Amino acid sequence: MTHPDYYDKFKCIADKCVHNCCRGGWEIEIDDEALDRFSKLPGEFGDKVRASISPENIFIHKHGECPLLSPEGKCEMVLNGAELCVICDEYPRFTEFFGDYAERGISLSCEASADIILHKKDKSEIIFDTAADCDEPIFVLLKKARDDIFAILQDRDTDIFKRMRLALDYGRHLQDRINENNFKSFEYTPSDTFSNHRSLSEIIPVFKELSILNKEWAAMLEKLEADEQSRLRHTLDPIIGEQLAVYFVYRYLLKAAFDCDAFAKLKFSFLSVMMIAALANSFGNIEECARLYSVEIEHSEENIDIIYDEFLFNDAFYHNNFINIIS
Ligand code: SF4
């Protein structure tokens, strides 16, 4: 399957992980095949597994922890040689299917993955090691556009904020083509329309209204809002910014093949980078800011959908306003 070049570097650090995913308070929905296997697990351990599953087929977390997490922070399913359910087995990997073609990646919400992605020094590359492909015209256009956008984002002679603004501007032209049902590739002439820095303070209330999993996140948003009102510009390590931008564009842009809204995917990508940069400017530790952002936002389809709606109806996200927060 297609994947970023860092994909195979992931290795779970298990009991050394500070934010073990089994402690995130996430609801792990168990797939039917796993439920069937769990129903046949013998002995005391089998009874424990079955007692840990709610009537909705979700592992019932106790005090925010998976009931099958050992006191040493290891998974009792693994310790007992039992096969995991799909979600536990996959995480932090994700897969997106486009017909027979599939792409994989690792999620920023896992601290081991965040460490790999944020500390990669060379330019990230996508490895296409599959004969499968999708020949839908919009998909072909989006895939070519993604390559063009990676080239813009990985132009290390240009300021990282300007790279994101140009990529967003490219996205505007891309969206015009899609709206006209014209899926032929096009030549892009770079145009940076940045005029005046805007802080993220108008945007943070949107994040405060989303559903929130961790109280630390709520406290961070509260403080960030106050800090943003006094902030002139953001600082962002250009290589970390590039890796983040490429991660989000890789993960989200091709999803526009399903809803034709490529511009929203790019806005979401660069909004995410800017939120992580702003959080890191307030709290330091960009790895932890990126991880928590991903847990709270990326892992909630409901939250992402609300953000996409805001792009349509909130003035702060209109192009001329939004472009000015990327600085
Ligand atoms: S968050 Fe990542 S490194 Fe930590 S336990 Fe989960 S998969 Fe392993």
# chains A, B, ... in the order shown; residues from 1 in each chain; ligands from 1
>>> residues_around(residues="Cys289 in chain A", least_positions_apart="2", cutoff="12 Å", atoms="only C-alpha atoms", output="PyMOL selection string")
chain A and resi 108-111+114-115+118+216-217+220-221+224+244+272-287+291-297
>>> residues_around(residues="Val86 in chain A", least_positions_apart="6", cutoff="12 Å", atoms="only C-alpha atoms", output="PyMOL selection string")
chain A and resi 28-35+37+92-95
>>> residues_near_ligand(ligand="ligand 1", cutoff="12 Å", atoms="only C-alpha atoms and all ligand atoms", output="PyMOL selection string")
chain A and resi 9-24+26+65-66+69+72-75+87-94+106-116+288+291-292+294-295
>>> closest_residue(among="A:Glu187, A:Asp5, A:Val140, A:Phe194", to="Lys162 in chain A", atoms="only C-alpha atoms")
A:Phe194
>>> closest_residue(among="A:Ile325, A:Asp227, A:Asn57, A:Arg146", to="Phe248 in chain A", atoms="only C-alpha atoms")
A:Arg146
>>> residues_around(residues="Leu232 in chain A", least_positions_apart="5", cutoff="9 Å", atoms="only C-alpha atoms", output="PyMOL selection string")
chain A and resi 197-199
>>> closest_residue(among="A:Ser70, A:Asn324, A:Ser211, A:Thr2", to="His234 in chain A", atoms="only C-alpha atoms")
A:Asn324
>>> residues_around(residues="Phe258 in chain A", least_positions_apart="2", cutoff="10 Å", atoms="only C-alpha atoms", output="list in words")
Phe98, Ile138, Phe139, Leu254, Lys255, Ala256, Cys260, Asp261 and Ala262 of chain A
>>> write_last_selection(atoms="C-alpha atoms", output="PDB file, in the first residue's frame")
ATOM      1  CA  PHE A  98     -10.242   4.830  -2.851  1.00  0.00           C
ATOM      2  CA  ILE A 138     -11.248  13.853  -9.713  1.00  0.00           C
ATOM      3  CA  PHE A 139      -8.927  11.446  -7.911  1.00  0.00           C
ATOM      4  CA  LEU A 254      -7.505  13.024  -1.339  1.00  0.00           C
ATOM      5  CA  LYS A 255     -10.665  12.703   0.779  1.00  0.00           C
ATOM      6  CA  ALA A 256     -11.980  15.493  -1.475  1.00  0.00           C
ATOM      7  CA  CYS A 260     -15.360  17.561  -4.009  1.00  0.00           C
ATOM      8  CA  ASP A 261     -14.198  20.045  -1.327  1.00  0.00           C
ATOM      9  CA  ALA A 262     -10.419  20.159  -1.760  1.00  0.00           C
TER      10      ALA A 262
END
>>> select_by_dssp(residues="range 26-184 of chain A", states="strand (DSSP E)", output="list in words")
Arg93, Phe94, Thr95, Glu96, Phe97, Phe98, Tyr101, Ala102, Glu103, Arg104, Gly105, Ile106, Ile126 and Ile127 of chain A
>>> write_last_selection(atoms="N, CA and C atoms", output="PDB file, in the first residue's frame")
ATOM      1  N   ARG A  93      -1.902   3.316  13.189  1.00  0.00           N
ATOM      2  CA  ARG A  93      -1.918   3.353  11.716  1.00  0.00           C
ATOM      3  C   ARG A  93      -3.325   3.705  11.252  1.00  0.00           C
ATOM      4  N   PHE A  94      -3.420   4.379  10.122  1.00  0.00           N
ATOM      5  CA  PHE A  94      -4.734   4.618   9.517  1.00  0.00           C
ATOM      6  C   PHE A  94      -4.666   4.220   8.059  1.00  0.00           C
ATOM      7  N   THR A  95      -5.815   3.854   7.505  1.00  0.00           N
ATOM      8  CA  THR A  95      -5.889   3.453   6.096  1.00  0.00           C
ATOM      9  C   THR A  95      -7.065   4.159   5.453  1.00  0.00           C
ATOM     10  N   GLU A  96      -6.844   4.668   4.264  1.00  0.00           N
ATOM     11  CA  GLU A  96      -7.944   5.288   3.503  1.00  0.00           C
ATOM     12  C   GLU A  96      -8.052   4.553   2.170  1.00  0.00           C
ATOM     13  N   PHE A  97      -9.270   4.109   1.834  1.00  0.00           N
ATOM     14  CA  PHE A  97      -9.485   3.371   0.581  1.00  0.00           C
ATOM     15  C   PHE A  97     -10.133   4.269  -0.473  1.00  0.00           C
ATOM     16  N   PHE A  98      -9.632   4.161  -1.695  1.00  0.00           N
ATOM     17  CA  PHE A  98     -10.242   4.830  -2.851  1.00  0.00           C
ATOM     18  C   PHE A  98     -10.440   3.726  -3.893  1.00  0.00           C
ATOM     19  N   TYR A 101      -7.570   1.111  -4.532  1.00  0.00           N
ATOM     20  CA  TYR A 101      -6.328   1.768  -4.124  1.00  0.00           C
ATOM     21  C   TYR A 101      -6.428   2.182  -2.653  1.00  0.00           C
ATOM     22  N   ALA A 102      -5.346   1.990  -1.889  1.00  0.00           N
ATOM     23  CA  ALA A 102      -5.386   2.361  -0.468  1.00  0.00           C
ATOM     24  C   ALA A 102      -4.103   3.074  -0.070  1.00  0.00           C
ATOM     25  N   GLU A 103      -4.244   3.987   0.863  1.00  0.00           N
ATOM     26  CA  GLU A 103      -3.074   4.688   1.416  1.00  0.00           C
ATOM     27  C   GLU A 103      -3.053   4.490   2.922  1.00  0.00           C
ATOM     28  N   ARG A 104      -1.847   4.351   3.460  1.00  0.00           N
ATOM     29  CA  ARG A 104      -1.711   4.173   4.904  1.00  0.00           C
ATOM     30  C   ARG A 104      -0.832   5.270   5.488  1.00  0.00           C
ATOM     31  N   GLY A 105      -0.929   5.439   6.788  1.00  0.00           N
ATOM     32  CA  GLY A 105      -0.072   6.400   7.477  1.00  0.00           C
ATOM     33  C   GLY A 105      -0.077   6.107   8.954  1.00  0.00           C
ATOM     34  N   ILE A 106       0.654   6.905   9.718  1.00  0.00           N
ATOM     35  CA  ILE A 106       0.614   6.779  11.177  1.00  0.00           C
ATOM     36  C   ILE A 106       0.143   8.110  11.749  1.00  0.00           C
ATOM     37  N   ILE A 126       6.450  10.051  -0.432  1.00  0.00           N
ATOM     38  CA  ILE A 126       5.380   9.054  -0.437  1.00  0.00           C
ATOM     39  C   ILE A 126       5.858   7.871  -1.277  1.00  0.00           C
ATOM     40  N   ILE A 127       5.749   6.686  -0.720  1.00  0.00           N
ATOM     41  CA  ILE A 127       6.184   5.478  -1.433  1.00  0.00           C
ATOM     42  C   ILE A 127       4.948   4.823  -2.058  1.00  0.00           C
TER      43      ILE A 127
END
>>> closest_residue(among="A:Ile307, A:Ala151, A:Val49, A:Met1", to="Glu242 in chain A", atoms="only C-alpha atoms")
A:Ala151
>>> select_by_dssp(residues="range 47-136 of chain A", states="alpha helix (DSSP H)", output="list in words")
Asp47, Lys48, Val49, Arg50, Ala51, Glu76, Met77, Val78, Leu79, Val86, Ile87, Cys88, Asp89, Glu90, Glu111, Ala112, Ser113, Ala114, Asp115, Ile116, Ile117 and Leu118 of chain A
>>> write_last_selection(atoms="C-alpha atoms", output="mmCIF file, in the first residue's frame")
data_model
loop_
_atom_site.group_PDB
_atom_site.id
_atom_site.type_symbol
_atom_site.label_atom_id
_atom_site.label_comp_id
_atom_site.auth_asym_id
_atom_site.auth_seq_id
_atom_site.Cartn_x
_atom_site.Cartn_y
_atom_site.Cartn_z
ATOM 1 C CA ASP A 47 -14.459 -13.903 31.493
ATOM 2 C CA LYS A 48 -12.533 -10.717 32.240
ATOM 3 C CA VAL A 49 -12.522 -9.685 28.577
ATOM 4 C CA ARG A 50 -16.260 -10.294 28.205
ATOM 5 C CA ALA A 51 -17.010 -8.394 31.430
ATOM 6 C CA GLU A 76 -3.348 -7.965 28.805
ATOM 7 C CA MET A 77 -4.682 -9.171 25.437
ATOM 8 C CA VAL A 78 -1.114 -9.187 24.100
ATOM 9 C CA LEU A 79 0.253 -10.698 27.340
ATOM 10 C CA VAL A 86 -9.200 -4.147 14.470
ATOM 11 C CA ILE A 87 -8.999 -0.699 16.094
ATOM 12 C CA CYS A 88 -6.409 -1.725 18.714
ATOM 13 C CA ASP A 89 -4.460 -3.736 16.162
ATOM 14 C CA GLU A 90 -4.325 -0.877 13.636
ATOM 15 C CA GLU A 111 3.610 10.005 20.855
ATOM 16 C CA ALA A 112 5.940 7.531 19.135
ATOM 17 C CA SER A 113 4.493 8.526 15.730
ATOM 18 C CA ALA A 114 4.596 12.245 16.539
ATOM 19 C CA ASP A 115 8.247 11.829 17.463
ATOM 20 C CA ILE A 116 9.020 10.236 14.077
ATOM 21 C CA ILE A 117 7.042 12.784 12.034
ATOM 22 C CA LEU A 118 8.161 15.950 13.819
#
>>> closest_residue(among="A:Phe186, A:Tyr247, A:Phe270, A:Phe207", to="Ala167 in chain A", atoms="only C-alpha atoms")
A:Phe270
>>> closest_residue(among="A:Lys267, A:Arg165, A:Lys208, A:Lys215", to="Asn303 in chain A", atoms="only C-alpha atoms")
A:Lys208
>>> atom_distance(atom1="CA of Tyr188 in chain A", atom2="CA of Ala145 in chain A")
9.9 Å
>>> residues_around(residues="Val249 in chain A", least_positions_apart="5", cutoff="8 Å", atoms="only C-alpha atoms", output="list in words")
Arg146, Lys265, Leu266 and Ser269 of chain A
>>> write_last_selection(atoms="C-alpha atoms", output="PDB file, in the first residue's frame")
ATOM      1  CA  ARG A 146      -1.063  16.834  -3.961  1.00  0.00           C
ATOM      2  CA  LYS A 265      -9.135  19.936   3.238  1.00  0.00           C
ATOM      3  CA  LEU A 266      -6.274  22.358   2.673  1.00  0.00           C
ATOM      4  CA  SER A 269      -4.493  21.163   7.102  1.00  0.00           C
TER       5      SER A 269
END
>>> decode(residues="range 205-232 of chain A", atoms="C-alpha atoms", output="mmCIF file, in the first residue's frame")
data_model
loop_
_atom_site.group_PDB
_atom_site.id
_atom_site.type_symbol
_atom_site.label_atom_id
_atom_site.label_comp_id
_atom_site.auth_asym_id
_atom_site.auth_seq_id
_atom_site.Cartn_x
_atom_site.Cartn_y
_atom_site.Cartn_z
ATOM 1 C CA PRO A 205 -13.864 30.056 20.287
ATOM 2 C CA VAL A 206 -14.747 27.558 17.534
ATOM 3 C CA PHE A 207 -12.367 25.030 19.109
ATOM 4 C CA LYS A 208 -13.770 25.751 22.584
ATOM 5 C CA GLU A 209 -17.256 24.799 21.356
ATOM 6 C CA LEU A 210 -16.150 21.392 20.039
ATOM 7 C CA SER A 211 -16.478 18.234 22.106
ATOM 8 C CA ILE A 212 -13.478 17.927 24.405
ATOM 9 C CA LEU A 213 -11.943 14.700 25.731
ATOM 10 C CA ASN A 214 -9.180 15.947 28.062
ATOM 11 C CA LYS A 215 -9.487 18.748 30.608
ATOM 12 C CA GLU A 216 -5.854 19.760 29.821
ATOM 13 C CA TRP A 217 -7.006 20.621 26.302
ATOM 14 C CA ALA A 218 -9.809 22.870 27.615
ATOM 15 C CA ALA A 219 -7.318 24.685 29.873
ATOM 16 C CA MET A 220 -4.851 25.095 27.000
ATOM 17 C CA LEU A 221 -7.501 26.659 24.761
ATOM 18 C CA GLU A 222 -8.479 29.060 27.517
ATOM 19 C CA LYS A 223 -4.912 30.307 27.964
ATOM 20 C CA LEU A 224 -4.184 30.289 24.242
ATOM 21 C CA GLU A 225 -7.094 32.644 23.586
ATOM 22 C CA ALA A 226 -5.640 35.229 25.972
ATOM 23 C CA ASP A 227 -2.106 34.807 24.557
ATOM 24 C CA GLU A 228 -3.314 35.145 20.966
ATOM 25 C CA GLN A 229 -4.841 38.540 21.594
ATOM 26 C CA SER A 230 -1.392 39.926 22.324
ATOM 27 C CA ARG A 231 0.606 37.920 19.775
ATOM 28 C CA LEU A 232 1.958 39.669 16.708
#
